[in-house]
Structures are given as C-alpha cells and as structure tokens.
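Step one of this worksheet: look at the structure below.
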Amino acid sequence: MADENPWAKPSDIAAVWRPLTTAEETRAEGLIETVARAIRREWPDVEARLTAGTLSADDIKDVIVWTVLPVLAPGVAIPLNAKSYQETSGSESRSITFTDGSGTQFLEFLPWMVRVFEVGAKPVTALPRFSSPRSQVNRAFPYLSGWER
C-alpha cells in the first residue's frame with residue numbers, strides 16, 4: 001500500500017542514478033515505503049514538522065533516496081554499513097564486508113541523515129586528544145618549577 005503523500009518516488013532515484021527498469025521501479029517503490037515507515041517510527045513528529053515548516057520535504061527525499069540507492073544499486077552506491085567493498089568485472093564478482101558482521105541493517109541512518117530530523121543536532125567531529133605524563137621537574141627553567149602549584 002503506497003503512502004498518500006509520498007516523500008520520494010522512484011523517479012527521484014532515477015534522477016541521481018539512471019532510468020529504472022520496470023522491476024527496479026517496483027522494488028524502489030517498496031523500499032521507499034519501507035524507509036518512509038522507518039522515518040515515521042523513528043521521528044513520529046515528522047508530519048507535524050513538515051506542516052509547521054520546520055522540516056523540508058526535500059531533505060526527507062534526500063534521506064530516502066540515499067538510503068534506498070545502495071540497496072537498489074549495489075556497486076553504484078556502496079551499502080551504508082559496508083566496511084569494505086570490492087567489485088570485479090570479468091566473470092562478475094563482488095565482495096562486501098559489513099561493519100556489524102551481518103549486513104542486514106540497511107536502514108541504519110548515517111549521521112547526516114539523523115541531523116536532518118534531530119532538532120538542534122550538531123555535527124559530530126572527531127577531535128584529537130593528547131595526553132602525556134605531568135613533568136615533575138622543569139629542566140629548562142628550574143627557577144619556575146613551582147609556578148604550576
């Protein structure tokens with residue numbers, strides 16, 4: 001059963017990839033509905049925020065398209081939870097190593113996708129952390145060795 005007001009359509013996926021075959025279009029419709037339901041479960045206030053204008057329908061479409069594309073088009077878009085990916089053309093081979101070891105969590109939203117829905121979410125940036133043992137002696141300037149206390 002298709003949503004009354006779909007946030008994304010198979011044509012949105014085709015716009016960033018290529019024209020879809022009939023089978024791919026049917027599969028894309030099902031995947032789009034699955035992702036839309038997952039978004040509604042995870043963020044139940046989505047409809048209200050769309051109506052209030054605090055959330056953009058285009059942002060939701062981006063999340064859906066870039067969640068569906070790796071599933072629909074492996075090799076074009078690497079699955080979201082892939083740790084490594086390898087593809088061979090001659091005699092067709094493909095190898096994917098998933099981060100969780102199972103490869104079954106295709107609805108794992110990336111951090112940028114979560115930020116679309118999380119009100120006030122800030123980007124997470126990894127910063128370097130340095131540590132070293134405290135020096136007991138200031139050998140360069142011994143007469144300043146007590147200033148830290």
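Identifiers in the structure tokens: chain A, B, ... in order shown; residue index from 1 per chain; ligand index from 1 in order shown.
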
With the cut-off set at 10 Å and counting only C-alpha atoms, tabulate each residue of stretch 42-71 of chain A with an atom at most that distance from an atom of stretch 108-113 of chain A, showing the nearest atom pair and its distance in Å to one decimal, ordered by chain and increasing number, as a Markdown table.
| residue | atom | partner | partner_atom | distance |
| --- | --- | --- | --- | --- |
| A:Asp59 | CA | A:Met113 | CA | 8.6 |
| A:Ile60 | CA | A:Met113 | CA | 8.6 |
| A:Asp62 | CA | A:Met113 | CA | 8.5 |
| A:Val63 | CA | A:Met113 | CA | 5.8 |
| A:Ile64 | CA | A:Met113 | CA | 9.1 |
| A:Trp66 | CA | A:Met113 | CA | 9.1 |
| A:Thr67 | CA | A:Phe109 | CA | 7.4 |

Please produce a file of those selected residues containing C-alpha atoms, as a CSV table (one decimal), in the first residue's frame.
chain,number,residue,atom,x,y,z
A,59,ASP,CA,15.6,16.9,3.0
A,60,ILE,CA,13.4,13.9,3.7
A,62,ASP,CA,17.3,13.1,0.1
A,63,VAL,CA,17.4,10.8,3.1
A,64,ILE,CA,15.1,8.3,1.4
A,66,TRP,CA,20.4,7.9,-0.4
A,67,THR,CA,19.1,5.1,1.9

- For stretch 46-53 of chain A, work out the shell of residues within 12 Å, counting only C-alpha atoms and skipping chain neighbours fewer than 4 positions away, then give it as a list in words. Asn5, Pro6, Trp7, Ala36, Arg37, Ala38, Ile39, Arg40, Arg41, Glu42, Ala57, Asp58, Asp59, Ile60, Val116, Phe117, Glu118 and Val119 of chain A

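Residues in contact with A:Leu72 at up to 8 Å, not including ones fewer than 2 positions away on its chain and judged by only C-alpha atoms, are A:Glu24, A:Arg27, A:Ala28, A:Val68, A:Leu69, A:Pro70, A:Pro74.
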
Output N, CA and C atoms of each residue in that selection to a file, as a compact mmCIF listing (two decimals), in the first residue's frame.
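What landed in result-v9.txt:
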# COMPACT_ATOMS: atom_id res chain seq x y z
N GLU A 24 13.11 -2.68 -11.30
CA GLU A 24 13.77 -1.78 -10.35
C GLU A 24 12.80 -0.75 -9.81
N ARG A 27 10.66 -2.44 -7.20
CA ARG A 27 11.46 -2.64 -5.98
C ARG A 27 11.71 -1.32 -5.27
N ALA A 28 12.00 -0.26 -6.04
CA ALA A 28 12.23 1.06 -5.45
C ALA A 28 11.00 1.55 -4.70
N VAL A 68 17.82 4.27 -0.03
CA VAL A 68 17.35 3.25 -0.96
C VAL A 68 18.41 2.92 -2.02
N LEU A 69 19.11 3.92 -2.52
CA LEU A 69 20.03 3.70 -3.64
C LEU A 69 21.08 2.62 -3.39
N PRO A 70 21.74 2.56 -2.23
CA PRO A 70 22.72 1.49 -2.03
C PRO A 70 22.10 0.09 -2.05
N PRO A 74 23.60 -1.73 -5.75
CA PRO A 74 24.92 -2.00 -5.20
C PRO A 74 25.97 -1.91 -6.28

- Task: Run DSSP on the backbone and give me the residues of stretch 34-77 of chain A it puts in helix (DSSP H, G or I), as number ranges by chain.
- Result: A: 34-42, 46-52, 57-72
